[in-house]
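Asks: Structure file coords.txt (compact mmCIF, C-alpha atoms) right here:
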```txt
# COMPACT_ATOMS: atom_id res chain seq x y z
CA MET E 1 76.24 -137.68 49.37
CA THR E 2 77.45 -136.38 46.02
CA GLY E 3 80.93 -135.24 45.12
CA ALA E 4 83.83 -135.74 42.76
CA LEU E 5 84.13 -139.39 43.82
CA SER E 6 80.42 -140.15 43.84
CA GLY E 7 79.86 -143.66 42.47
CA ILE E 8 83.16 -145.01 43.81
CA ARG E 9 82.70 -147.75 46.43
CA VAL E 10 85.51 -148.40 48.90
CA LEU E 11 85.76 -151.38 51.24
CA ASP E 12 87.87 -150.28 54.21
CA THR E 13 89.13 -153.37 56.02
CA ALA E 14 92.19 -151.66 57.52
CA THR E 15 92.70 -150.85 61.20
CA LEU E 16 94.10 -147.97 63.21
CA PHE E 17 95.38 -145.09 61.13
CA ALA E 18 97.05 -144.98 57.70
CA GLY E 19 94.68 -147.18 55.68
CA PRO E 20 91.48 -146.03 57.37
CA LEU E 21 92.43 -142.36 57.07
CA ALA E 22 93.04 -142.80 53.35
CA ALA E 23 89.53 -144.22 53.03
CA THR E 24 88.18 -141.31 55.09
CA LEU E 25 89.75 -138.81 52.69
CA LEU E 26 88.12 -140.56 49.73
CA GLY E 27 84.79 -140.53 51.51
CA ASP E 28 85.05 -136.80 52.17
CA PHE E 29 84.67 -136.25 48.43
CA GLY E 30 81.75 -138.57 47.80
CA ALA E 31 83.05 -142.13 47.71
CA GLU E 32 80.83 -144.62 49.51
CA VAL E 33 83.09 -146.11 52.17
CA ILE E 34 82.01 -149.34 53.84
CA LYS E 35 84.03 -149.86 56.99
CA ILE E 36 84.44 -153.62 57.58
CA GLU E 37 85.46 -154.34 61.16
CA HIS E 38 86.15 -157.49 63.11
CA PRO E 39 83.15 -158.09 65.40
CA LYS E 40 85.37 -156.84 68.25
CA GLY E 41 85.77 -153.51 66.46
CA ASP E 42 88.68 -151.47 65.09
CA PRO E 43 91.17 -150.83 67.94
CA VAL E 44 90.92 -147.09 67.25
CA ARG E 45 87.49 -147.14 68.88
CA SER E 46 89.21 -147.41 72.25
CA HIS E 47 92.36 -145.50 71.32
CA GLY E 48 92.96 -142.12 72.91
CA ALA E 49 90.47 -139.74 74.46
CA GLN E 50 86.90 -140.83 75.10
CA ARG E 51 83.68 -139.20 76.21
CA ASP E 52 81.18 -141.38 78.04
CA GLY E 53 82.99 -144.44 76.71
CA VAL E 54 82.81 -143.27 73.09
CA GLY E 55 86.15 -142.98 71.30
CA LEU E 56 86.70 -139.50 69.89
CA TRP E 57 89.44 -140.48 67.46
CA TRP E 58 87.03 -142.98 65.94
CA LYS E 59 84.46 -140.24 65.47
CA MET E 60 86.90 -138.43 63.21
CA LEU E 61 88.47 -141.45 61.48
CA GLY E 62 85.14 -143.20 60.90
CA ARG E 63 83.30 -140.15 59.61
CA GLY E 64 81.05 -140.66 56.63
CA LYS E 65 81.55 -144.43 56.64
CA LYS E 66 78.97 -147.19 56.80
CA ALA E 67 80.08 -149.43 59.66
CA ILE E 68 79.60 -153.17 59.33
CA THR E 69 81.13 -156.12 61.15
CA LEU E 70 82.45 -159.20 59.39
CA TYR E 71 85.01 -161.76 60.50
CA LEU E 72 87.08 -162.39 57.40
CA GLY E 73 88.88 -165.31 59.02
CA SER E 74 85.72 -167.45 58.79
CA PRO E 75 84.48 -169.25 55.66
CA GLU E 76 81.16 -167.43 55.92
CA GLY E 77 82.88 -164.05 56.22
CA GLN E 78 85.05 -164.81 53.22
CA GLU E 79 82.06 -165.67 51.04
CA ILE E 80 80.23 -162.51 52.06
CA PHE E 81 83.36 -160.44 51.42
CA LYS E 82 83.53 -161.82 47.89
CA LYS E 83 79.97 -160.61 47.33
CA LEU E 84 80.97 -157.15 48.50
CA VAL E 85 84.04 -157.17 46.26
CA ALA E 86 81.97 -157.91 43.18
CA ASP E 87 80.66 -154.34 42.93
CA ALA E 88 83.42 -152.49 44.78
CA ASP E 89 86.02 -150.26 43.21
CA VAL E 90 88.64 -150.23 45.94
CA VAL E 91 89.66 -152.45 48.86
CA VAL E 92 91.94 -150.94 51.51
CA GLU E 93 93.67 -153.47 53.77
CA ASN E 94 96.62 -153.58 56.15
CA PHE E 95 96.87 -157.23 57.13
CA ARG E 96 100.32 -158.75 57.28
CA PRO E 97 101.45 -159.91 53.83
CA GLY E 98 100.07 -163.37 53.09
CA THR E 99 96.98 -163.06 55.32
CA LEU E 100 94.47 -162.39 52.54
CA GLU E 101 96.06 -165.17 50.49
CA ARG E 102 95.70 -167.57 53.39
CA TRP E 103 92.01 -166.72 53.54
CA GLY E 104 91.56 -167.28 49.82
CA LEU E 105 91.11 -163.54 49.29
CA GLY E 106 94.36 -162.69 47.51
CA TYR E 107 94.39 -160.48 44.45
CA ASP E 108 94.35 -163.40 42.05
CA GLU E 109 91.07 -164.57 43.55
CA LEU E 110 89.56 -161.10 43.89
CA ARG E 111 90.29 -159.99 40.33
CA GLU E 112 88.55 -163.12 39.06
CA ILE E 113 85.46 -161.72 40.76
CA ASN E 114 86.11 -158.09 39.79
CA PRO E 115 88.81 -157.36 37.18
CA GLY E 116 88.53 -153.62 37.82
CA LEU E 117 89.25 -153.84 41.54
CA VAL E 118 92.03 -151.70 43.03
CA LEU E 119 93.46 -153.66 45.97
CA THR E 120 95.28 -151.18 48.19
CA ARG E 121 97.72 -152.77 50.62
CA VAL E 122 99.05 -150.48 53.34
CA THR E 123 101.68 -152.07 55.59
CA GLY E 124 104.68 -150.96 57.58
CA PHE E 125 107.29 -152.43 55.24
CA GLY E 126 105.47 -153.32 52.03
CA GLN E 127 104.67 -156.67 50.47
CA VAL E 128 108.25 -157.81 49.71
CA GLY E 129 111.64 -157.77 51.39
CA PRO E 130 113.15 -159.20 54.58
CA TYR E 131 110.97 -157.06 56.88
CA ALA E 132 107.67 -157.53 55.02
CA LYS E 133 106.05 -159.73 57.65
CA ARG E 134 107.20 -157.73 60.66
CA PRO E 135 104.55 -155.82 62.62
CA GLY E 136 104.73 -152.26 61.30
CA PHE E 137 103.55 -149.00 62.85
CA GLY E 138 104.10 -145.33 62.11
CA THR E 139 106.53 -145.04 65.00
CA LEU E 140 108.85 -147.50 63.32
CA ALA E 141 108.65 -145.54 60.07
CA GLU E 142 109.50 -142.32 61.91
CA ALA E 143 112.54 -144.09 63.30
CA MET E 144 113.76 -145.89 60.18
CA SER E 145 113.10 -143.10 57.68
CA GLY E 146 115.62 -140.80 59.33
CA PHE E 147 113.00 -138.46 60.77
CA ALA E 148 113.81 -139.16 64.43
CA ALA E 149 117.56 -138.91 63.78
CA ILE E 150 117.28 -135.27 62.69
CA THR E 151 114.58 -134.25 65.20
CA GLY E 152 115.41 -132.95 68.67
CA GLU E 153 118.03 -130.80 70.32
CA PRO E 154 121.68 -131.22 69.27
CA ASP E 155 122.68 -132.69 72.63
CA GLY E 156 119.43 -134.61 73.13
CA PRO E 157 118.13 -137.99 71.98
CA PRO E 158 116.42 -138.66 68.65
CA THR E 159 112.83 -137.47 69.02
CA LEU E 160 109.57 -139.06 67.88
CA PRO E 161 106.45 -136.99 67.14
CA PRO E 162 103.59 -137.19 69.68
CA PHE E 163 101.05 -137.98 66.96
CA GLY E 164 100.72 -140.27 63.94
CA LEU E 165 102.95 -138.36 61.55
CA ALA E 166 104.13 -141.23 59.36
CA ASP E 167 100.63 -142.73 59.31
CA GLY E 168 99.13 -139.41 58.25
CA ILE E 169 101.66 -138.91 55.47
CA ALA E 170 101.06 -142.50 54.34
CA ALA E 171 97.30 -141.91 54.33
CA LEU E 172 97.63 -138.89 52.06
CA THR E 173 99.92 -140.87 49.77
CA THR E 174 97.55 -143.83 49.74
CA ALA E 175 94.61 -141.65 48.69
CA TYR E 176 96.79 -140.27 45.87
CA ALA E 177 97.82 -143.81 44.87
CA VAL E 178 94.19 -144.95 44.76
CA MET E 179 93.20 -142.05 42.53
CA THR E 180 96.16 -142.79 40.25
CA ALA E 181 95.10 -146.44 39.97
CA LEU E 182 91.48 -145.47 39.30
CA ARG E 183 92.62 -143.09 36.56
CA ALA E 184 94.65 -145.91 35.01
CA ARG E 185 91.55 -148.11 35.18
CA ASP E 186 89.66 -145.48 33.18
CA GLN E 187 92.23 -145.99 30.42
CA THR E 188 92.75 -149.76 30.58
CA GLY E 189 89.62 -151.13 32.21
CA ARG E 190 91.80 -153.11 34.60
CA GLY E 191 92.39 -152.74 38.31
CA GLN E 192 95.72 -153.32 40.02
CA VAL E 193 97.49 -153.69 43.35
CA VAL E 194 98.74 -150.67 45.28
CA ASP E 195 101.66 -151.61 47.53
CA LEU E 196 102.18 -148.80 50.05
CA ALA E 197 104.92 -149.17 52.68
CA ILE E 198 104.53 -146.66 55.52
CA ILE E 199 108.33 -146.29 55.74
CA GLU E 200 108.49 -144.70 52.26
CA PRO E 201 106.28 -141.57 52.04
CA ILE E 202 107.88 -139.95 55.09
CA LEU E 203 111.29 -140.73 53.60
CA THR E 204 110.40 -138.65 50.55
CA LEU E 205 109.15 -135.74 52.64
CA LEU E 206 112.47 -135.53 54.49
CA GLY E 207 113.91 -133.80 51.45
CA PRO E 208 117.43 -134.12 50.01
CA GLN E 209 118.96 -136.32 52.73
CA ILE E 210 119.48 -139.33 50.48
CA ILE E 211 121.00 -137.43 47.58
CA ALA E 212 123.15 -135.36 49.94
CA TYR E 213 124.57 -138.52 51.51
CA ASP E 214 125.03 -140.10 48.09
CA GLN E 215 126.84 -137.12 46.61
CA LEU E 216 128.53 -135.54 49.61
CA GLY E 217 128.60 -138.19 52.32
CA THR E 218 126.93 -135.76 54.73
CA LEU E 219 124.28 -136.51 57.36
CA GLN E 220 121.89 -133.86 58.63
CA PRO E 221 122.41 -133.20 62.36
CA ARG E 222 119.78 -132.51 64.99
CA THR E 223 119.39 -128.74 65.31
CA GLY E 224 116.32 -128.35 67.53
CA ASN E 225 114.07 -125.62 66.12
CA ARG E 226 116.88 -124.16 64.08
CA SER E 227 117.58 -124.85 60.43
CA THR E 228 120.84 -125.51 58.64
CA ASN E 229 119.44 -123.64 55.63
CA ASN E 230 118.56 -120.24 57.09
CA ALA E 231 118.46 -118.09 60.24
CA PRO E 232 116.89 -116.67 62.25
CA ARG E 233 114.49 -119.59 62.39
CA ASN E 234 113.31 -120.65 65.82
CA THR E 235 110.61 -120.37 68.45
CA TYR E 236 110.75 -117.39 70.79
CA ARG E 237 109.02 -116.68 74.11
CA THR E 238 107.05 -113.45 74.40
CA ARG E 239 106.66 -111.21 77.46
CA ASP E 240 103.23 -112.63 78.30
CA GLY E 241 104.51 -116.21 78.32
CA SER E 242 103.33 -117.18 74.84
CA TRP E 243 105.50 -118.44 71.99
CA VAL E 244 105.92 -117.45 68.37
CA ALA E 245 107.78 -118.98 65.44
CA ILE E 246 109.49 -117.13 62.64
CA SER E 247 110.98 -118.19 59.33
CA THR E 248 113.42 -116.36 57.08
CA SER E 249 113.66 -118.72 54.14
CA ALA E 250 113.57 -115.71 51.79
CA GLN E 251 116.44 -113.24 51.93
CA SER E 252 114.06 -110.26 51.82
CA ILE E 253 112.22 -111.56 54.88
CA ALA E 254 115.47 -111.98 56.80
CA GLU E 255 116.37 -108.39 56.08
CA ARG E 256 112.94 -107.12 57.17
CA VAL E 257 113.22 -109.01 60.45
CA MET E 258 116.57 -107.48 61.31
CA ARG E 259 115.32 -103.98 60.54
CA LEU E 260 112.24 -104.62 62.68
CA VAL E 261 114.24 -105.75 65.72
CA GLY E 262 116.61 -102.81 65.46
CA ARG E 263 119.69 -104.60 64.13
CA PRO E 264 119.94 -103.39 60.51
CA GLU E 265 123.75 -103.33 60.68
CA LEU E 266 123.77 -107.14 60.56
CA ILE E 267 122.35 -107.04 57.05
CA ASP E 268 125.63 -105.54 55.85
CA GLU E 269 127.70 -108.45 57.16
CA PRO E 270 129.14 -110.51 54.26
CA TRP E 271 127.69 -113.72 55.68
CA PHE E 272 124.14 -112.34 55.88
CA ALA E 273 123.51 -112.67 52.13
CA SER E 274 123.36 -116.49 52.30
CA GLY E 275 120.81 -118.51 54.25
CA SER E 276 123.29 -121.27 55.02
CA GLU E 277 125.87 -118.75 56.21
CA ARG E 278 123.26 -116.98 58.35
CA ALA E 279 122.59 -120.37 59.93
CA GLN E 280 126.23 -120.47 61.04
CA HIS E 281 125.59 -117.25 63.00
CA ALA E 282 122.32 -118.46 64.55
CA ASP E 283 123.39 -117.64 68.12
CA LEU E 284 123.88 -113.99 67.25
CA LEU E 285 120.68 -113.72 65.21
CA ASP E 286 118.57 -115.58 67.76
CA ASP E 287 119.83 -113.28 70.50
CA ALA E 288 118.88 -110.22 68.48
CA VAL E 289 115.41 -111.49 67.61
CA GLY E 290 114.73 -113.27 70.89
CA SER E 291 115.55 -110.28 73.09
CA TRP E 292 113.30 -108.01 71.03
CA ILE E 293 110.41 -110.48 71.19
CA ALA E 294 110.90 -111.10 74.92
CA ASP E 295 110.13 -107.43 75.63
CA ARG E 296 106.71 -107.60 73.93
CA ASP E 297 103.41 -109.45 74.26
CA ARG E 298 102.45 -112.00 71.62
CA ASP E 299 99.75 -109.93 69.90
CA ASP E 300 102.08 -106.96 69.66
CA VAL E 301 104.84 -109.12 68.17
CA VAL E 302 102.51 -110.60 65.56
CA LYS E 303 101.14 -107.16 64.65
CA ALA E 304 104.63 -105.68 64.28
CA PHE E 305 105.82 -108.54 62.10
CA GLU E 306 102.73 -108.28 59.90
CA GLU E 307 103.23 -104.55 59.45
CA ALA E 308 106.85 -105.21 58.49
CA GLN E 309 105.72 -107.95 56.07
CA ALA E 310 107.87 -110.48 57.91
CA ALA E 311 106.83 -114.08 58.47
CA VAL E 312 105.60 -114.96 61.97
CA ALA E 313 103.06 -117.30 63.55
CA PRO E 314 101.93 -117.79 67.11
CA ILE E 315 102.42 -121.26 68.58
CA TYR E 316 98.85 -122.54 68.81
CA THR E 317 97.07 -125.20 70.81
CA ALA E 318 93.86 -126.81 69.57
CA ALA E 319 91.94 -124.19 71.55
CA ASP E 320 93.74 -121.42 69.67
CA VAL E 321 93.07 -123.06 66.31
CA MET E 322 89.34 -123.23 67.01
CA ALA E 323 89.25 -119.51 67.92
CA ASP E 324 91.40 -118.23 65.05
CA PRO E 325 89.70 -116.07 62.37
CA GLN E 326 91.81 -117.47 59.51
CA PHE E 327 90.78 -121.05 60.21
CA ALA E 328 87.21 -119.77 60.56
CA ALA E 329 87.40 -118.03 57.17
CA LEU E 330 88.62 -121.25 55.57
CA ASN E 331 85.97 -123.27 57.42
CA SER E 332 88.78 -125.57 58.55
CA ILE E 333 86.75 -126.86 61.50
CA ALA E 334 83.37 -128.40 60.74
CA THR E 335 80.48 -129.31 63.02
CA VAL E 336 78.97 -132.75 62.48
CA GLU E 337 75.83 -134.10 64.11
CA ASP E 338 76.31 -137.40 65.90
CA ASP E 339 73.67 -139.72 67.34
CA GLU E 340 75.83 -140.61 70.33
CA LEU E 341 77.49 -137.31 71.23
CA GLY E 342 75.36 -134.64 69.58
CA PRO E 343 77.18 -131.95 67.60
CA VAL E 344 80.93 -132.56 67.42
CA LYS E 345 83.66 -130.45 65.85
CA MET E 346 86.49 -131.91 63.79
CA GLN E 347 88.86 -131.00 60.97
CA ASN E 348 87.02 -130.33 57.71
CA VAL E 349 87.94 -131.66 54.25
CA LEU E 350 91.54 -131.04 53.23
CA PHE E 351 90.95 -128.63 50.36
CA ARG E 352 88.24 -126.68 48.58
CA LEU E 353 87.00 -127.51 45.07
CA SER E 354 84.99 -124.80 43.32
CA GLU E 355 82.71 -127.16 41.38
CA THR E 356 82.60 -130.44 43.30
CA PRO E 357 83.42 -129.63 46.92
CA GLY E 358 83.73 -132.29 49.57
CA HIS E 359 81.81 -132.16 52.82
CA LEU E 360 81.33 -134.09 56.02
CA THR E 361 78.10 -135.95 56.65
CA THR E 362 78.31 -138.04 59.81
CA ALA E 363 80.80 -138.81 62.54
CA GLY E 364 82.02 -142.38 63.04
CA ALA E 365 79.08 -144.71 63.53
CA PRO E 366 78.61 -147.23 66.36
CA LEU E 367 80.06 -150.70 65.78
CA GLY E 368 77.99 -152.58 63.20
CA ALA E 369 75.46 -149.80 62.78
CA HIS E 370 75.04 -150.49 59.05
CA THR E 371 75.59 -154.25 58.92
CA ALA E 372 71.97 -155.12 58.21
CA GLU E 373 71.60 -152.32 55.67
CA VAL E 374 74.73 -153.17 53.68
CA LEU E 375 74.48 -156.95 53.79
CA GLY E 376 70.79 -156.69 52.95
CA ARG E 377 71.84 -155.48 49.49
CA TYR E 378 73.30 -158.93 48.90
CA GLY E 379 70.24 -160.92 49.93
CA LEU E 380 71.03 -161.48 53.59
CA GLY E 381 67.85 -161.00 55.61
CA GLU E 382 67.31 -161.13 59.35
CA PRO E 383 67.31 -164.96 59.59
CA GLU E 384 70.69 -165.14 57.83
CA LEU E 385 72.06 -162.29 59.92
CA ALA E 386 70.91 -163.95 63.14
CA ALA E 387 72.71 -167.14 62.16
CA LEU E 388 75.88 -165.19 61.41
CA ARG E 389 75.66 -163.45 64.78
CA GLU E 390 75.30 -166.81 66.48
CA LYS E 391 78.54 -167.97 64.82
CA GLY E 392 80.38 -164.76 65.67
CA VAL E 393 80.83 -163.81 62.02
CA ILE E 394 79.07 -160.48 62.61
CA LYS E 395 78.01 -158.61 65.72
```
Write out the structure in this file as structure tokens.
Replies:
Amino acid sequence: MTGALSGIRVLDTATLFAGPLAATLLGDFGAEVIKIEHPKGDPVRSHGAQRDGVGLWWKMLGRGKKAITLYLGSPEGQEIFKKLVADADVVVENFRPGTLERWGLGYDELREINPGLVLTRVTGFGQVGPYAKRPGFGTLAEAMSGFAAITGEPDGPPTLPPFGLADGIAALTTAYAVMTALRARDQTGRGQVVDLAIIEPILTLLGPQIIAYDQLGTLQPRTGNRSTNNAPRNTYRTRDGSWVAISTSAQSIAERVMRLVGRPELIDEPWFASGSERAQHADLLDDAVGSWIADRDRDDVVKAFEEAQAAVAPIYTAADVMADPQFAALNSIATVEDDELGPVKMQNVLFRLSETPGHLTTAGAPLGAHTAEVLGRYGLGEPELAALREKGVIK
């Protein structure tokens, strides 16, 4: 595979979501990603939906990676890992702080082997602080960042997302951090440590909450699908039982919506000129918009909004996404051939580059599928591999 990151070698020793997804994103654009798993396998292989005993999440998360097994807790595994590090550019890991050091694989040891190595450490709470050694998952980041506190209905409990939101945001940030460190290496010749705490990227994406509390002492309340910054902004049920969402972040859009739904007189109200003041009249605006939408089928609503140049989107399921012409035009869903499942569809690369585009090659490989191939580069033949299997160092 060629691409913008061709020639970059990544050792992905992380498990579950944030770290491995960051490595996946690098691989999508040409980096060679060697997935190093415990002989028992990454837990994501058995996480979520499966077909014929094959984990589907793994097929996406492990795409394009060479899958090898290696028990890093053993002396033999540690020596082999050092060989791999010698010509790697990046290591991605999410062990609890101190684990690599206990194995003799801390950054001080690894940079002696490879001064240009970027050691990327992705943990729930980072490498320092009173919580550093706590088990950390995306759910905890969604709770502690303030996300759950502002999500949900006003009279309901704090609400967690039903997917790995904090992990996904952390993965995107980790890929960015790796590229920043590699760019610095181009200038200095030296690698460095990336310390990524999953609690932090989602905190940044929550917007001005910290500065608003610092300067005003205010806390954002739970508002359901409404916004404190503009209205109407909500989800609305259509006559045929579907749902649509609208946004009026721009004043001109808000005015177009009210003309469309037959309530132009509201535009002349003094409070209508400000998004925050419109939000204080959300009941009135939602009633006007919601009643108009409730009398029409989804496709008719979307068509009318488009003709009025107002912002609307149908509420989609995965089935709707896969049938939508816009996603098709963007090639957002790719088909990948897989030895175990045949052709499988999954999300394509995140963005399009005109000169060095990324692309998907393979879905996640079976456990240890490339162990012999990869370790063979470092002089380990079948006799050595058989001995390692006997000791449980590889599978």
Asks: Please report the interatomic distance between CA of Thr99 in chain E and CA of Gly189 in chain E in Å with one decimal.
Replies: 27.0 Å
Asks: Please identify all polymer residues within 7 Å of Val193 in chain E, counting only C-alpha atoms, omitting same-chain residues fewer than 3 positions from it, and present them as a PDB file with C-alpha atoms, in the coordinates of the input.
Replies:
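Wrote it out as selection.pdb, contents follow:
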```pdb
ATOM      1  CA  VAL E 118      92.030-151.700  43.030  1.00  0.00           C
ATOM      2  CA  LEU E 119      93.460-153.660  45.970  1.00  0.00           C
ATOM      3  CA  THR E 120      95.280-151.180  48.190  1.00  0.00           C
TER       4      THR E 120
END
```
Asks: Write out as a list in words the residues lying within 8 Å of Val85 in chain E, counting only C-alpha atoms and excluding same-chain residues fewer than 2 positions away.
Replies: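 Listing them by chain and then by number gives Leu11, Phe81, Lys82, Lys83, Asp87, Ala88, Asp89, Val91, Leu110, Ile113, Asn114 and Leu117 of chain E.
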Asks: Env of Ser145 in chain E: 8 Å cut, atoms = only C-alpha atoms, seq-sep filter 2 positions within chain, self excluded. Answer as a ChimeraX atom specification.
Replies: /E:141-143,147-148,199-200,202-203
Asks: So what do you get for CA of Leu260 in chain E versus CA of Asn234 in chain E, distance-wise?
Replies: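 These two atoms are separated by 16.4 Å.
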Asks: In Å, how far is it from CA of Phe29 in chain E to CA of Thr2 in chain E?
Replies: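 About the pair CA of Phe29 in chain E and CA of Thr2 in chain E: they are 7.6 Å apart.
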Asks: Would you mind listing, for every residue of range 112-168 of chain E within 10 Å of range 19-23 of chain E, the two atoms forming the shortest contact and the distance between them in Å to one decimal, using all atoms listed in the file, sorted by chain and ascending residue number, as CSV?
Replies:
```
residue,atom,partner,partner_atom,distance
E:Thr120,CA,E:Gly19,CA,8.5
E:Arg121,CA,E:Gly19,CA,8.1
E:Val122,CA,E:Gly19,CA,6.0
E:Thr123,CA,E:Gly19,CA,8.5
E:Asp167,CA,E:Gly19,CA,8.3
E:Gly168,CA,E:Leu21,CA,7.4
```
Asks: Emit as AutoDock Vina command-line options the padded axis-aligned box for all listed atoms of range 99-102 of chain E, 8 Å per side, with centre and edge lengths in Å to one decimal.
Replies:
```
--center_x 95.7 --center_y -165.0 --center_z 52.9 --size_x 18.5 --size_y 21.2 --size_z 20.8
```
Asks: With 9 Å as the threshold, what does the neighbourhood of (105.4, -113.1, 76.7) contain in terms of residues, counting all atoms listed in the file? Coordinates are those of the file; answer as a list in words.
Replies: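 All residues meeting the 9 Å criterion around (105.4, -113.1, 76.7) are Arg237, Thr238, Arg239, Asp240, Gly241, Ser242, Trp243, Ile293, Ala294, Asp295, Arg296, Asp297 and Arg298 of chain E.
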Asks: Nearest to Thr356 in chain E among E:Ile211, E:Ser6, E:Phe125, E:Glu79, with distances taken over all atoms listed in the file: which residue is it?
Replies: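 So, comparing all the options, the nearest one is E:Ser6.
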Asks: Taking (82.5, -127.4, 56.0) in the file's coordinates as the center, which residues reach within 12 Å of it, counting only C-alpha atoms, put as a short mmCIF file (atom, residue, chain, number, x, y, z; two decimals) with C-alpha atoms, keeping the file's coordinate frame?
Replies:
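Result went into selection_2.cif, see below:
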```cif
data_model
loop_
_atom_site.label_atom_id
_atom_site.label_comp_id
_atom_site.auth_asym_id
_atom_site.auth_seq_id
_atom_site.Cartn_x
_atom_site.Cartn_y
_atom_site.Cartn_z
CA ASP E 28 85.05 -136.80 52.17
CA PHE E 29 84.67 -136.25 48.43
CA PHE E 327 90.78 -121.05 60.21
CA ALA E 328 87.21 -119.77 60.56
CA ALA E 329 87.40 -118.03 57.17
CA LEU E 330 88.62 -121.25 55.57
CA ASN E 331 85.97 -123.27 57.42
CA SER E 332 88.78 -125.57 58.55
CA ILE E 333 86.75 -126.86 61.50
CA ALA E 334 83.37 -128.40 60.74
CA THR E 335 80.48 -129.31 63.02
CA VAL E 336 78.97 -132.75 62.48
CA LYS E 345 83.66 -130.45 65.85
CA MET E 346 86.49 -131.91 63.79
CA GLN E 347 88.86 -131.00 60.97
CA ASN E 348 87.02 -130.33 57.71
CA VAL E 349 87.94 -131.66 54.25
CA LEU E 350 91.54 -131.04 53.23
CA PHE E 351 90.95 -128.63 50.36
CA ARG E 352 88.24 -126.68 48.58
CA LEU E 353 87.00 -127.51 45.07
CA PRO E 357 83.42 -129.63 46.92
CA GLY E 358 83.73 -132.29 49.57
CA HIS E 359 81.81 -132.16 52.82
CA LEU E 360 81.33 -134.09 56.02
CA THR E 361 78.10 -135.95 56.65
#
```
Asks: So that I can see what lies close to Pro162 in chain E, please list as a VMD selection string the residues with an atom at most 12 Å from it, counting all atoms listed in the file and leaving out residues fewer than 3 positions away in the same chain.
Replies: chain E and resid 138 to 139 142 148 159 165 to 166
Asks: Looking at E:Asp320, E:Gly342, E:Glu384, E:Val194, which one is nearest to Val54 in chain E, with distances taken over all atoms listed in the file?
Replies: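 Using all atoms listed in the file, the shortest distance to Val54 in chain E belongs to E:Gly342.
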Asks: Can you give me all heavy atoms for range 100-104 of chain E, written as a compact mmCIF listing (two decimals), in the coordinates of the input?
Replies:
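selection_27.txt, written as the output of this step:
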```
# COMPACT_ATOMS: atom_id res chain seq x y z
N LEU E 100 95.59 -162.27 53.47
CA LEU E 100 94.47 -162.39 52.54
C LEU E 100 94.61 -163.66 51.69
O LEU E 100 93.62 -164.35 51.41
CB LEU E 100 94.40 -161.17 51.63
CG LEU E 100 93.85 -159.87 52.23
CD1 LEU E 100 93.74 -158.80 51.14
CD2 LEU E 100 92.49 -160.08 52.88
N GLU E 101 95.84 -163.96 51.28
CA GLU E 101 96.06 -165.17 50.49
C GLU E 101 95.69 -166.41 51.29
O GLU E 101 95.10 -167.36 50.74
CB GLU E 101 97.52 -165.22 50.03
CG GLU E 101 97.88 -164.23 48.93
CD GLU E 101 97.99 -162.77 49.42
OE1 GLU E 101 98.00 -162.54 50.65
OE2 GLU E 101 98.06 -161.88 48.57
N ARG E 102 96.03 -166.43 52.55
CA ARG E 102 95.70 -167.57 53.39
C ARG E 102 94.20 -167.76 53.53
O ARG E 102 93.70 -168.89 53.67
CB ARG E 102 96.34 -167.38 54.78
CG ARG E 102 96.24 -168.63 55.67
CD ARG E 102 97.03 -168.49 56.94
NE ARG E 102 96.43 -167.54 57.87
CZ ARG E 102 96.94 -166.35 58.18
NH1 ARG E 102 98.07 -165.95 57.61
NH2 ARG E 102 96.34 -165.55 59.03
N TRP E 103 93.47 -166.67 53.45
CA TRP E 103 92.01 -166.72 53.54
C TRP E 103 91.34 -166.96 52.19
O TRP E 103 90.11 -166.96 52.08
CB TRP E 103 91.48 -165.40 54.11
CG TRP E 103 91.77 -165.19 55.56
CD1 TRP E 103 92.09 -166.13 56.48
CD2 TRP E 103 91.76 -163.93 56.25
NE1 TRP E 103 92.27 -165.56 57.72
CE2 TRP E 103 92.08 -164.21 57.61
CE3 TRP E 103 91.51 -162.62 55.87
CZ2 TRP E 103 92.15 -163.20 58.57
CZ3 TRP E 103 91.58 -161.62 56.82
CH2 TRP E 103 91.90 -161.91 58.17
N GLY E 104 92.13 -167.13 51.15
CA GLY E 104 91.56 -167.28 49.82
C GLY E 104 91.02 -165.99 49.25
O GLY E 104 90.14 -166.00 48.37
```
